[in-house]
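**Q** Just final.tsv, nothing more (TSV, N, CA and C atoms):
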```tsv
chain	number	residue	atom	x	y	z
A	1	MET	N	14.95	-7.18	2.41
A	1	MET	CA	14.40	-7.31	1.08
A	1	MET	C	14.15	-5.91	0.51
A	2	THR	N	14.56	-5.70	-0.72
A	2	THR	CA	14.33	-4.40	-1.36
A	2	THR	C	12.85	-4.26	-1.73
A	3	MET	N	12.49	-3.06	-2.11
A	3	MET	CA	11.10	-2.83	-2.52
A	3	MET	C	10.75	-3.68	-3.73
A	4	LEU	N	11.65	-3.71	-4.71
A	4	LEU	CA	11.38	-4.50	-5.92
A	4	LEU	C	11.33	-5.99	-5.61
A	5	GLU	N	12.19	-6.44	-4.72
A	5	GLU	CA	12.14	-7.86	-4.33
A	5	GLU	C	10.80	-8.20	-3.67
A	6	GLN	N	10.27	-7.27	-2.86
A	6	GLN	CA	8.97	-7.52	-2.23
A	6	GLN	C	7.86	-7.58	-3.29
A	7	VAL	N	7.91	-6.67	-4.25
A	7	VAL	CA	6.92	-6.68	-5.33
A	7	VAL	C	7.02	-7.98	-6.12
A	8	ASN	N	8.25	-8.41	-6.41
A	8	ASN	CA	8.44	-9.65	-7.16
A	8	ASN	C	7.94	-10.86	-6.36
A	9	SER	N	8.09	-10.82	-5.05
A	9	SER	CA	7.57	-11.89	-4.20
A	9	SER	C	6.06	-11.97	-4.30
A	10	TYR	N	5.40	-10.81	-4.26
A	10	TYR	CA	3.95	-10.78	-4.44
A	10	TYR	C	3.57	-11.31	-5.83
A	11	ARG	N	4.32	-10.88	-6.85
A	11	ARG	CA	4.01	-11.34	-8.21
A	11	ARG	C	4.15	-12.85	-8.31
A	12	ASP	N	5.23	-13.39	-7.73
A	12	ASP	CA	5.43	-14.84	-7.78
A	12	ASP	C	4.27	-15.57	-7.10
A	13	ASP	N	3.81	-15.03	-5.97
A	13	ASP	CA	2.66	-15.63	-5.29
A	13	ASP	C	1.41	-15.56	-6.15
A	14	LEU	N	1.14	-14.40	-6.71
A	14	LEU	CA	-0.05	-14.23	-7.54
A	14	LEU	C	-0.01	-15.10	-8.80
A	15	ASP	N	1.19	-15.33	-9.32
A	15	ASP	CA	1.34	-16.16	-10.52
A	15	ASP	C	0.98	-17.63	-10.26
A	16	LEU	N	0.92	-18.02	-8.99
A	16	LEU	CA	0.54	-19.39	-8.65
A	16	LEU	C	-0.93	-19.65	-8.92
A	17	PHE	N	-1.70	-18.57	-9.00
A	17	PHE	CA	-3.15	-18.68	-9.18
A	17	PHE	C	-3.52	-18.43	-10.63
A	18	VAL	N	-4.45	-19.24	-11.13
A	18	VAL	CA	-4.89	-19.11	-12.51
A	18	VAL	C	-6.03	-18.11	-12.62
A	19	GLU	N	-7.00	-18.24	-11.74
A	19	GLU	CA	-8.21	-17.43	-11.80
A	19	GLU	C	-8.07	-16.13	-11.01
A	20	ASN	N	-8.69	-15.07	-11.53
A	20	ASN	CA	-8.65	-13.78	-10.84
A	20	ASN	C	-9.28	-13.84	-9.45
A	21	ASN	N	-10.33	-14.67	-9.31
A	21	ASN	CA	-10.95	-14.75	-7.98
A	21	ASN	C	-10.00	-15.39	-6.96
A	22	GLU	N	-9.12	-16.28	-7.40
A	22	GLU	CA	-8.11	-16.85	-6.51
A	22	GLU	C	-7.08	-15.80	-6.11
A	23	LYS	N	-6.72	-14.97	-7.07
A	23	LYS	CA	-5.78	-13.88	-6.78
A	23	LYS	C	-6.40	-12.89	-5.80
A	24	MET	N	-7.69	-12.63	-5.97
A	24	MET	CA	-8.37	-11.72	-5.06
A	24	MET	C	-8.44	-12.32	-3.66
A	25	GLU	N	-8.63	-13.62	-3.56
A	25	GLU	CA	-8.63	-14.29	-2.25
A	25	GLU	C	-7.28	-14.12	-1.55
A	26	TYR	N	-6.21	-14.17	-2.32
A	26	TYR	CA	-4.86	-13.95	-1.78
A	26	TYR	C	-4.79	-12.57	-1.13
A	27	ILE	N	-5.31	-11.56	-1.80
A	27	ILE	CA	-5.30	-10.19	-1.26
A	27	ILE	C	-6.21	-10.11	-0.04
A	28	LEU	N	-7.37	-10.73	-0.12
A	28	LEU	CA	-8.31	-10.71	1.00
A	28	LEU	C	-7.72	-11.38	2.23
A	29	ASP	N	-6.92	-12.42	2.03
A	29	ASP	CA	-6.27	-13.08	3.17
A	29	ASP	C	-5.39	-12.11	3.95
A	30	PHE	N	-4.71	-11.24	3.25
A	30	PHE	CA	-3.92	-10.20	3.94
A	30	PHE	C	-4.84	-9.32	4.77
A	31	GLY	N	-6.01	-9.01	4.23
A	31	GLY	CA	-6.96	-8.16	4.94
A	31	GLY	C	-7.46	-8.80	6.22
A	32	HIS	N	-7.66	-10.10	6.20
A	32	HIS	CA	-8.12	-10.79	7.40
A	32	HIS	C	-7.07	-10.76	8.50
A	33	ASP	N	-5.80	-10.71	8.13
A	33	ASP	CA	-4.71	-10.73	9.10
A	33	ASP	C	-4.18	-9.33	9.44
A	34	ALA	N	-4.80	-8.30	8.91
A	34	ALA	CA	-4.29	-6.93	9.08
A	34	ALA	C	-4.38	-6.48	10.54
A	35	GLN	N	-3.37	-5.75	10.95
A	35	GLN	CA	-3.39	-5.13	12.28
A	35	GLN	C	-4.28	-3.90	12.23
A	36	THR	N	-4.83	-3.56	13.37
A	36	THR	CA	-5.67	-2.36	13.42
A	36	THR	C	-4.81	-1.16	13.76
A	37	LEU	N	-5.22	-0.03	13.26
A	37	LEU	CA	-4.54	1.23	13.51
A	37	LEU	C	-5.04	1.79	14.84
A	38	ASP	N	-4.13	2.32	15.62
A	38	ASP	CA	-4.50	2.96	16.88
A	38	ASP	C	-5.56	4.02	16.60
A	39	LYS	N	-6.60	4.05	17.40
A	39	LYS	CA	-7.74	4.96	17.19
A	39	LYS	C	-7.31	6.43	17.09
A	40	LYS	N	-6.21	6.80	17.75
A	40	LYS	CA	-5.78	8.20	17.70
A	40	LYS	C	-5.30	8.60	16.31
A	41	TYR	N	-5.02	7.62	15.45
A	41	TYR	CA	-4.57	7.92	14.09
A	41	TYR	C	-5.70	7.85	13.07
A	42	ILE	N	-6.88	7.44	13.51
A	42	ILE	CA	-8.03	7.40	12.60
A	42	ILE	C	-8.67	8.80	12.63
A	43	THR	N	-8.07	9.68	11.82
A	43	THR	CA	-8.47	11.09	11.79
A	43	THR	C	-8.71	11.52	10.35
A	44	ASP	N	-9.39	12.65	10.21
A	44	ASP	CA	-9.61	13.21	8.87
A	44	ASP	C	-8.29	13.51	8.18
A	45	GLU	N	-7.31	13.93	8.96
A	45	GLU	CA	-6.00	14.27	8.39
A	45	GLU	C	-5.32	13.04	7.76
A	46	ASN	N	-5.59	11.86	8.30
A	46	ASN	CA	-4.95	10.64	7.81
A	46	ASN	C	-5.77	9.88	6.77
A	47	VAL	N	-6.95	10.38	6.42
A	47	VAL	CA	-7.76	9.71	5.41
A	47	VAL	C	-7.05	9.80	4.06
A	48	ILE	N	-7.01	8.68	3.36
A	48	ILE	CA	-6.47	8.67	2.00
A	48	ILE	C	-7.63	9.06	1.10
A	49	LYS	N	-7.60	10.28	0.64
A	49	LYS	CA	-8.69	10.79	-0.19
A	49	LYS	C	-8.60	10.19	-1.59
A	50	GLY	N	-9.72	9.67	-2.06
A	50	GLY	CA	-9.74	9.06	-3.38
A	50	GLY	C	-9.98	7.56	-3.33
A	51	CYS	N	-9.93	6.98	-2.14
A	51	CYS	CA	-10.22	5.55	-2.00
A	51	CYS	C	-11.73	5.33	-2.01
A	52	SER	N	-12.14	4.21	-2.57
A	52	SER	CA	-13.57	3.90	-2.59
A	52	SER	C	-14.05	3.48	-1.21
A	53	SER	N	-13.17	2.95	-0.39
A	53	SER	CA	-13.46	2.64	1.00
A	53	SER	C	-12.75	3.68	1.86
A	54	LEU	N	-13.17	3.79	3.10
A	54	LEU	CA	-12.41	4.64	4.00
A	54	LEU	C	-11.09	3.96	4.31
A	55	ALA	N	-10.00	4.71	4.21
A	55	ALA	CA	-8.68	4.19	4.53
A	55	ALA	C	-7.87	5.30	5.15
A	56	TRP	N	-7.10	4.93	6.15
A	56	TRP	CA	-6.28	5.90	6.87
A	56	TRP	C	-4.83	5.47	6.80
A	57	LEU	N	-3.95	6.46	6.69
A	57	LEU	CA	-2.51	6.21	6.63
A	57	LEU	C	-1.80	7.15	7.59
A	58	HIS	N	-1.18	6.55	8.60
A	58	HIS	CA	-0.38	7.32	9.56
A	58	HIS	C	1.08	7.21	9.12
A	59	LYS	N	1.74	8.37	9.04
A	59	LYS	CA	3.11	8.43	8.55
A	59	LYS	C	3.99	9.10	9.60
A	60	GLU	N	5.18	8.55	9.80
A	60	GLU	CA	6.18	9.18	10.67
A	60	GLU	C	7.54	9.04	10.01
A	61	PHE	N	8.39	10.03	10.26
A	61	PHE	CA	9.77	9.99	9.78
A	61	PHE	C	10.64	9.77	11.00
A	62	VAL	N	11.19	8.55	11.13
A	62	VAL	CA	11.92	8.15	12.32
A	62	VAL	C	13.31	7.66	11.93
A	63	GLU	N	14.32	8.38	12.43
A	63	GLU	CA	15.72	7.98	12.20
A	63	GLU	C	16.01	7.74	10.73
A	64	GLY	N	15.52	8.65	9.89
A	64	GLY	CA	15.81	8.59	8.46
A	64	GLY	C	14.94	7.63	7.66
A	65	ARG	N	13.95	7.03	8.31
A	65	ARG	CA	13.07	6.07	7.64
A	65	ARG	C	11.62	6.49	7.77
A	66	ILE	N	10.86	6.17	6.76
A	66	ILE	CA	9.43	6.45	6.77
A	66	ILE	C	8.72	5.22	7.34
A	67	VAL	N	8.01	5.45	8.44
A	67	VAL	CA	7.29	4.38	9.12
A	67	VAL	C	5.80	4.60	8.87
A	68	LEU	N	5.15	3.57	8.37
A	68	LEU	CA	3.75	3.67	7.96
A	68	LEU	C	2.88	2.67	8.71
A	69	GLU	N	1.68	3.12	9.03
A	69	GLU	CA	0.64	2.25	9.57
A	69	GLU	C	-0.64	2.62	8.84
A	70	ALA	N	-1.47	1.64	8.56
A	70	ALA	CA	-2.68	1.94	7.80
A	70	ALA	C	-3.81	1.01	8.22
A	71	GLU	N	-5.01	1.47	7.89
A	71	GLU	CA	-6.19	0.64	8.11
A	71	GLU	C	-7.25	1.05	7.10
A	72	GLY	N	-8.04	0.09	6.70
A	72	GLY	CA	-9.16	0.34	5.81
A	72	GLY	C	-10.43	-0.21	6.43
A	73	ASP	N	-11.56	0.25	5.93
A	73	ASP	CA	-12.82	-0.22	6.51
A	73	ASP	C	-13.44	-1.38	5.74
A	74	SER	N	-12.73	-1.90	4.76
A	74	SER	CA	-13.20	-3.10	4.05
A	74	SER	C	-12.04	-4.09	3.99
A	75	ILE	N	-12.37	-5.34	3.83
A	75	ILE	CA	-11.34	-6.39	3.79
A	75	ILE	C	-10.41	-6.20	2.61
A	76	ILE	N	-10.95	-5.82	1.46
A	76	ILE	CA	-10.08	-5.64	0.29
A	76	ILE	C	-9.14	-4.44	0.50
A	77	ALA	N	-9.65	-3.36	1.09
A	77	ALA	CA	-8.78	-2.21	1.36
A	77	ALA	C	-7.69	-2.61	2.35
A	78	LYS	N	-8.06	-3.35	3.37
A	78	LYS	CA	-7.07	-3.81	4.35
A	78	LYS	C	-6.01	-4.67	3.68
A	79	GLY	N	-6.45	-5.60	2.82
A	79	GLY	CA	-5.50	-6.47	2.13
A	79	GLY	C	-4.54	-5.70	1.25
A	80	MET	N	-5.08	-4.76	0.49
A	80	MET	CA	-4.22	-3.94	-0.38
A	80	MET	C	-3.24	-3.12	0.47
A	81	LEU	N	-3.72	-2.56	1.57
A	81	LEU	CA	-2.86	-1.75	2.42
A	81	LEU	C	-1.74	-2.59	3.02
A	82	VAL	N	-2.04	-3.80	3.45
A	82	VAL	CA	-0.99	-4.68	4.00
A	82	VAL	C	0.07	-4.93	2.93
A	83	MET	N	-0.36	-5.21	1.72
A	83	MET	CA	0.61	-5.45	0.65
A	83	MET	C	1.44	-4.20	0.37
A	84	LEU	N	0.79	-3.05	0.32
A	84	LEU	CA	1.51	-1.81	0.03
A	84	LEU	C	2.47	-1.45	1.16
A	85	LEU	N	2.06	-1.67	2.39
A	85	LEU	CA	2.97	-1.42	3.51
A	85	LEU	C	4.16	-2.36	3.43
A	86	GLY	N	3.94	-3.57	2.96
A	86	GLY	CA	5.05	-4.50	2.78
A	86	GLY	C	6.11	-3.96	1.84
A	87	VAL	N	5.69	-3.15	0.90
A	87	VAL	CA	6.62	-2.56	-0.07
A	87	VAL	C	7.21	-1.25	0.47
A	88	PHE	N	6.38	-0.39	1.04
A	88	PHE	CA	6.79	0.99	1.34
A	88	PHE	C	7.20	1.25	2.79
A	89	ASN	N	6.79	0.43	3.73
A	89	ASN	CA	7.06	0.72	5.13
A	89	ASN	C	8.54	0.56	5.48
A	90	ASN	N	8.99	1.44	6.36
A	90	ASN	CA	10.35	1.39	6.91
A	90	ASN	C	11.42	1.54	5.83
A	91	ARG	N	11.16	2.43	4.90
A	91	ARG	CA	12.10	2.73	3.81
A	91	ARG	C	12.60	4.15	3.96
A	92	THR	N	13.73	4.42	3.36
A	92	THR	CA	14.22	5.79	3.34
A	92	THR	C	13.48	6.55	2.24
A	93	PRO	N	13.45	7.88	2.35
A	93	PRO	CA	12.83	8.66	1.28
A	93	PRO	C	13.45	8.35	-0.08
A	94	ASP	N	14.78	8.21	-0.12
A	94	ASP	CA	15.45	7.92	-1.39
A	94	ASP	C	15.00	6.59	-1.98
A	95	GLU	N	14.86	5.57	-1.14
A	95	GLU	CA	14.39	4.27	-1.63
A	95	GLU	C	13.03	4.41	-2.30
A	96	ILE	N	12.14	5.15	-1.66
A	96	ILE	CA	10.80	5.32	-2.20
A	96	ILE	C	10.83	6.14	-3.48
A	97	LEU	N	11.59	7.21	-3.48
A	97	LEU	CA	11.58	8.12	-4.63
A	97	LEU	C	12.20	7.52	-5.88
A	98	VAL	N	13.12	6.56	-5.72
A	98	VAL	CA	13.71	5.93	-6.91
A	98	VAL	C	12.92	4.70	-7.37
A	99	PHE	N	12.01	4.23	-6.52
A	99	PHE	CA	11.20	3.07	-6.87
A	99	PHE	C	10.15	3.46	-7.90
A	100	ASP	N	10.06	2.68	-8.96
A	100	ASP	CA	9.07	2.93	-10.00
A	100	ASP	C	7.75	2.26	-9.62
A	101	PRO	N	6.71	3.05	-9.30
A	101	PRO	CA	5.45	2.45	-8.89
A	101	PRO	C	4.77	1.63	-9.98
A	102	ASN	N	5.22	1.75	-11.21
A	102	ASN	CA	4.66	0.92	-12.28
A	102	ASN	C	4.95	-0.56	-12.05
A	103	ALA	N	5.95	-0.85	-11.22
A	103	ALA	CA	6.23	-2.25	-10.88
A	103	ALA	C	5.02	-2.89	-10.22
A	104	LEU	N	4.25	-2.09	-9.48
A	104	LEU	CA	3.04	-2.61	-8.84
A	104	LEU	C	2.00	-2.99	-9.89
A	105	LYS	N	1.95	-2.24	-10.96
A	105	LYS	CA	0.98	-2.52	-12.02
A	105	LYS	C	1.37	-3.78	-12.79
A	106	GLU	N	2.66	-4.03	-12.89
A	106	GLU	CA	3.15	-5.16	-13.66
A	106	GLU	C	2.85	-6.51	-13.01
A	107	ILE	N	2.49	-6.50	-11.73
A	107	ILE	CA	2.17	-7.79	-11.09
A	107	ILE	C	0.71	-8.16	-11.27
A	108	GLY	N	-0.04	-7.30	-11.96
A	108	GLY	CA	-1.41	-7.62	-12.29
A	108	GLY	C	-2.45	-7.11	-11.30
A	109	LEU	N	-2.05	-6.24	-10.40
A	109	LEU	CA	-3.01	-5.71	-9.43
A	109	LEU	C	-4.12	-4.91	-10.09
A	110	MET	N	-3.77	-4.10	-11.07
A	110	MET	CA	-4.76	-3.21	-11.67
A	110	MET	C	-5.91	-3.98	-12.31
A	111	GLU	N	-5.60	-5.14	-12.89
A	111	GLU	CA	-6.64	-5.94	-13.53
A	111	GLU	C	-7.63	-6.50	-12.51
A	112	LEU	N	-7.20	-6.60	-11.27
A	112	LEU	CA	-8.06	-7.16	-10.23
A	112	LEU	C	-8.95	-6.11	-9.58
A	113	LEU	N	-8.60	-4.85	-9.75
A	113	LEU	CA	-9.27	-3.77	-9.04
A	113	LEU	C	-10.27	-3.04	-9.91
A	114	SER	N	-11.36	-2.63	-9.31
A	114	SER	CA	-12.33	-1.79	-10.01
A	114	SER	C	-11.68	-0.43	-10.27
A	115	PRO	N	-12.23	0.35	-11.20
A	115	PRO	CA	-11.67	1.68	-11.45
A	115	PRO	C	-11.59	2.55	-10.19
A	116	LEU	N	-12.58	2.45	-9.29
A	116	LEU	CA	-12.53	3.22	-8.05
A	116	LEU	C	-11.38	2.76	-7.16
A	117	ARG	N	-11.16	1.47	-7.08
A	117	ARG	CA	-10.05	0.95	-6.26
A	117	ARG	C	-8.71	1.29	-6.90
A	118	GLN	N	-8.66	1.34	-8.22
A	118	GLN	CA	-7.44	1.79	-8.90
A	118	GLN	C	-7.12	3.23	-8.51
A	119	GLN	N	-8.16	4.06	-8.44
A	119	GLN	CA	-7.97	5.45	-8.01
A	119	GLN	C	-7.45	5.50	-6.57
A	120	GLY	N	-7.94	4.60	-5.74
A	120	GLY	CA	-7.46	4.53	-4.36
A	120	GLY	C	-5.99	4.18	-4.29
A	121	LEU	N	-5.56	3.25	-5.14
A	121	LEU	CA	-4.14	2.89	-5.20
A	121	LEU	C	-3.31	4.10	-5.63
A	122	GLU	N	-3.79	4.79	-6.64
A	122	GLU	CA	-3.08	6.00	-7.10
A	122	GLU	C	-3.03	7.06	-6.00
A	123	ALA	N	-4.12	7.19	-5.25
A	123	ALA	CA	-4.16	8.16	-4.15
A	123	ALA	C	-3.15	7.79	-3.07
A	124	PHE	N	-3.08	6.51	-2.73
A	124	PHE	CA	-2.10	6.04	-1.75
A	124	PHE	C	-0.68	6.38	-2.21
A	125	LEU	N	-0.39	6.07	-3.47
A	125	LEU	CA	0.94	6.34	-4.00
A	125	LEU	C	1.25	7.84	-3.97
A	126	GLY	N	0.25	8.67	-4.28
A	126	GLY	CA	0.45	10.11	-4.24
A	126	GLY	C	0.82	10.59	-2.85
A	127	VAL	N	0.15	10.05	-1.84
A	127	VAL	CA	0.45	10.43	-0.45
A	127	VAL	C	1.86	9.98	-0.08
A	128	ILE	N	2.20	8.75	-0.41
A	128	ILE	CA	3.51	8.20	-0.04
A	128	ILE	C	4.64	8.98	-0.72
A	129	TYR	N	4.51	9.20	-2.01
A	129	TYR	CA	5.59	9.91	-2.72
A	129	TYR	C	5.67	11.36	-2.28
A	130	GLY	N	4.54	11.99	-2.02
A	130	GLY	CA	4.55	13.36	-1.51
A	130	GLY	C	5.23	13.44	-0.15
A	131	TYR	N	4.95	12.48	0.70
A	131	TYR	CA	5.56	12.46	2.04
A	131	TYR	C	7.05	12.18	1.94
A	132	ALA	N	7.45	11.27	1.07
A	132	ALA	CA	8.87	10.98	0.88
A	132	ALA	C	9.62	12.22	0.41
A	133	LYS	N	9.04	12.98	-0.50
A	133	LYS	CA	9.67	14.23	-0.98
A	133	LYS	C	9.80	15.22	0.16
A	134	ALA	N	8.76	15.36	0.96
A	134	ALA	CA	8.79	16.30	2.09
A	134	ALA	C	9.85	15.88	3.10
A	135	CYS	N	9.96	14.58	3.37
A	135	CYS	CA	10.96	14.10	4.32
A	135	CYS	C	12.37	14.30	3.81
A	136	LYS	N	12.56	14.14	2.54
A	136	LYS	CA	13.88	14.33	1.94
A	136	LYS	C	14.33	15.79	2.05
A	137	GLU	N	13.37	16.70	1.99
A	137	GLU	CA	13.68	18.12	2.05
A	137	GLU	C	13.98	18.59	3.47
A	138	GLU	N	13.66	17.77	4.48
A	138	GLU	CA	13.91	18.16	5.87
A	138	GLU	C	15.39	18.20	6.18
```
Show me the file's structure as structure tokens.
**A**
Amino acid sequence: MTMLEQVNSYRDDLDLFVENNEKMEYILDFGHDAQTLDKKYITDENVIKGCSSLAWLHKEFVEGRIVLEAEGDSIIAKGMLVMLLGVFNNRTPDEILVFDPNALKEIGLMELLSPLRQQGLEAFLGVIYGYAKACKEE
């Protein structure tokens, strides 16, 4: 599945719900099922600065693909991270760099998030795109 197809899948799921609290429950469900990050990756270096909750993102460049693992200290952060990893994990730098992150906004995520959580999303995207650029230059 391409990145855009994954975003569209999330949008289709979210469109099934009428109320914003139902949409938020959908995101929270991802958080309940989130895998935990290995403790060795929960470091200051991996903190996503700008998130309202503590969130960590471990990044590796393996065989031409960016492999991501993440964890947050709140259920909503975990849910958002699971969704974002569904879009960005195991992609090539080129796939990430040509993907328009505004597609994430078009599925209605921003309306569900507080301004602080919106900043966290922007911070996550900044880290991912910066890492993709660095990997492409290698």
**Q** Measuring atom to atom with only N, CA and C atoms, identify which of A:Pro93, A:Gly64, A:Gly50, A:Gly31 is nearest to Ile76 (chain A).
**A** A:Gly31
**Q** Figure out the distance between CA of Asp94 (chain A) and atom C of Gln118 (chain A), please, to one decimal in Å.
**A**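 These atoms are spaced 24.1 Å apart.
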**Q** For atom C of Asp15 (chain A) and atom C of Glu106 (chain A), determine how far apart the two atoms are, in Å to one decimal place.
**A**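 So the answer is 11.6 Å.
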**Q** Region 9-100 of chain A: which residues are strand (DSSP E) by DSSP, as a list in words?
**A**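 Residues of region 9-100 of chain A classed as strand (DSSP E): Ala55, Trp56, Leu57, His58, Lys59, Glu60, Phe61, Val62, Arg65, Ile66, Val67, Leu68, Glu69, Ala70, Glu71 and Gly72 of chain A.
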**Q** Take every atom of region 123-132 of chain A listed in the file, pad by 5 Å on each side, and give me the axis-aligned box centre and edge lengths in Å, one decimal, as JSON.
**A**
```
{"center_x": 2.7, "center_y": 9.7, "center_z": -1.6, "size_x": 23.8, "size_y": 17.4, "size_z": 17.3}
```
**Q** Hey, can you check how far CA of Glu19 (chain A) sits from CA of Glu122 (chain A)?
**A**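 These two atoms are separated by 24.4 Å.
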**Q** Kindly indicate which residue among A:Leu116, A:Ala103, A:Val87, A:Val98 lies nearest to Thr2 (chain A), using all atoms listed in the file for the distances.
**A**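 Under the stated criterion, the closest residue is A:Val87.
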**Q** At a cut-off of 6 Å, using only N, CA and C atoms, what residues contact region 34-40 of chain A? Leave out same-chain residues fewer than 4 positions from it and give the result as a list in words.
**A**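 Contacts, in chain order: Phe30, Ala70 and Glu71 of chain A.
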**Q** For each of A:Ile107, A:Ile66, A:Met1, A:Cys135, take the minimum atom-to-atom distance to Phe88 (chain A), counting only C-alpha atoms, then give the residue where this is smallest.
**A** A:Ile66
**Q** Considering only C-alpha atoms, state which residue in the set A:Gly72, A:Gly79, A:Gly86, A:Pro115 is at the smallest distance from Asn8 (chain A).
**A** A:Gly86
**Q** Any idea what's packed within 8 Å of region 128-130 of chain A, counting all atoms listed in the file, ignoring anything in its chain fewer than 6 positions away? Could you give it as a tab-separated table (two decimals) with N, CA and C atoms, in the frame of the given file?
**A**
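Generated file (selection33.tsv):
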```
chain	number	residue	atom	x	y	z
A	96	ILE	N	12.14	5.15	-1.66
A	96	ILE	CA	10.80	5.32	-2.20
A	96	ILE	C	10.83	6.14	-3.48
A	97	LEU	N	11.59	7.21	-3.48
A	97	LEU	CA	11.58	8.12	-4.63
A	97	LEU	C	12.20	7.52	-5.88
A	122	GLU	N	-3.79	4.79	-6.64
A	122	GLU	CA	-3.08	6.00	-7.10
A	122	GLU	C	-3.03	7.06	-6.00
A	136	LYS	N	12.56	14.14	2.54
A	136	LYS	CA	13.88	14.33	1.94
A	136	LYS	C	14.33	15.79	2.05
```
**Q** Compile the contact shell of Lys59 (chain A) as a count of residues only: residues with an atom at most 6 Å away, counting only N, CA and C atoms, same-chain residues fewer than 5 positions apart removed.
**A** 3
**Q** When DSSP works through the backbone of this structure, what residues of chain A end up as helix (DSSP H, G or I), shown as an MDAnalysis selection string?
**A** chainID A and resid 3:15 20:32 39:41 44:46 75:88 93:98 102:106 109:112 115:137
**Q** Which is closer to His32 (chain A) than all the others in A:Cys51, A:Ile75, A:Val62, A:Leu14, using all atoms listed in the file?
**A**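 Of A:Cys51, A:Ile75, A:Val62, A:Leu14, the one nearest His32 (chain A) is A:Ile75, counting all atoms listed in the file.
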**Q** Every residue with an atom at most 10 Å from (-5.4, -8.9, -12.3) (file coordinates; only C-alpha atoms) is what I'm after, so could you write them as a list in words?
**A**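 Counting only C-alpha atoms, I find these residues within 10 Å of (-5.4, -8.9, -12.3): Leu14, Glu19, Asn20, Asn21, Lys23, Met24, Lys105, Glu106, Ile107, Gly108, Leu109, Met110, Glu111, Leu112 and Leu113 of chain A.
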**Q** Residues of the last selection are to be written out with N, CA and C atoms, as a PDB file, in the coordinates of the input.
**A**
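Contents of again14.pdb, as written:
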```pdb
ATOM      1  N   LEU A  14       1.140 -14.400  -6.710  1.00  0.00           N
ATOM      2  CA  LEU A  14      -0.050 -14.230  -7.540  1.00  0.00           C
ATOM      3  C   LEU A  14      -0.010 -15.100  -8.800  1.00  0.00           C
ATOM      4  N   GLU A  19      -7.000 -18.240 -11.740  1.00  0.00           N
ATOM      5  CA  GLU A  19      -8.210 -17.430 -11.800  1.00  0.00           C
ATOM      6  C   GLU A  19      -8.070 -16.130 -11.010  1.00  0.00           C
ATOM      7  N   ASN A  20      -8.690 -15.070 -11.530  1.00  0.00           N
ATOM      8  CA  ASN A  20      -8.650 -13.780 -10.840  1.00  0.00           C
ATOM      9  C   ASN A  20      -9.280 -13.840  -9.450  1.00  0.00           C
ATOM     10  N   ASN A  21     -10.330 -14.670  -9.310  1.00  0.00           N
ATOM     11  CA  ASN A  21     -10.950 -14.750  -7.980  1.00  0.00           C
ATOM     12  C   ASN A  21     -10.000 -15.390  -6.960  1.00  0.00           C
ATOM     13  N   LYS A  23      -6.720 -14.970  -7.070  1.00  0.00           N
ATOM     14  CA  LYS A  23      -5.780 -13.880  -6.780  1.00  0.00           C
ATOM     15  C   LYS A  23      -6.400 -12.890  -5.800  1.00  0.00           C
ATOM     16  N   MET A  24      -7.690 -12.630  -5.970  1.00  0.00           N
ATOM     17  CA  MET A  24      -8.370 -11.720  -5.060  1.00  0.00           C
ATOM     18  C   MET A  24      -8.440 -12.320  -3.660  1.00  0.00           C
ATOM     19  N   LYS A 105       1.950  -2.240 -10.960  1.00  0.00           N
ATOM     20  CA  LYS A 105       0.980  -2.520 -12.020  1.00  0.00           C
ATOM     21  C   LYS A 105       1.370  -3.780 -12.790  1.00  0.00           C
ATOM     22  N   GLU A 106       2.660  -4.030 -12.890  1.00  0.00           N
ATOM     23  CA  GLU A 106       3.150  -5.160 -13.660  1.00  0.00           C
ATOM     24  C   GLU A 106       2.850  -6.510 -13.010  1.00  0.00           C
ATOM     25  N   ILE A 107       2.490  -6.500 -11.730  1.00  0.00           N
ATOM     26  CA  ILE A 107       2.170  -7.790 -11.090  1.00  0.00           C
ATOM     27  C   ILE A 107       0.710  -8.160 -11.270  1.00  0.00           C
ATOM     28  N   GLY A 108      -0.040  -7.300 -11.960  1.00  0.00           N
ATOM     29  CA  GLY A 108      -1.410  -7.620 -12.290  1.00  0.00           C
ATOM     30  C   GLY A 108      -2.450  -7.110 -11.300  1.00  0.00           C
ATOM     31  N   LEU A 109      -2.050  -6.240 -10.400  1.00  0.00           N
ATOM     32  CA  LEU A 109      -3.010  -5.710  -9.430  1.00  0.00           C
ATOM     33  C   LEU A 109      -4.120  -4.910 -10.090  1.00  0.00           C
ATOM     34  N   MET A 110      -3.770  -4.100 -11.070  1.00  0.00           N
ATOM     35  CA  MET A 110      -4.760  -3.210 -11.670  1.00  0.00           C
ATOM     36  C   MET A 110      -5.910  -3.980 -12.310  1.00  0.00           C
ATOM     37  N   GLU A 111      -5.600  -5.140 -12.890  1.00  0.00           N
ATOM     38  CA  GLU A 111      -6.640  -5.940 -13.530  1.00  0.00           C
ATOM     39  C   GLU A 111      -7.630  -6.500 -12.510  1.00  0.00           C
ATOM     40  N   LEU A 112      -7.200  -6.600 -11.270  1.00  0.00           N
ATOM     41  CA  LEU A 112      -8.060  -7.160 -10.230  1.00  0.00           C
ATOM     42  C   LEU A 112      -8.950  -6.110  -9.580  1.00  0.00           C
ATOM     43  N   LEU A 113      -8.600  -4.850  -9.750  1.00  0.00           N
ATOM     44  CA  LEU A 113      -9.270  -3.770  -9.040  1.00  0.00           C
ATOM     45  C   LEU A 113     -10.270  -3.040  -9.910  1.00  0.00           C
TER      46      LEU A 113
END
```
**Q** Show me, as a VMD selection string, the residues that have an atom within 10 Å of Leu84 (chain A) when counting only C-alpha atoms, minus same-chain residues fewer than 4 positions from it.
**A** chain A and resid 3 6 to 7 68 70 78 to 80 88 to 89 104 121 124 to 125
**Q** Which of these, A:Asn46, A:Phe61, A:Leu4, A:Asp33, has the shortest distance to Glu138 (chain A) once you count only C-alpha atoms?
**A**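 The closest residue to Glu138 (chain A) is A:Phe61.
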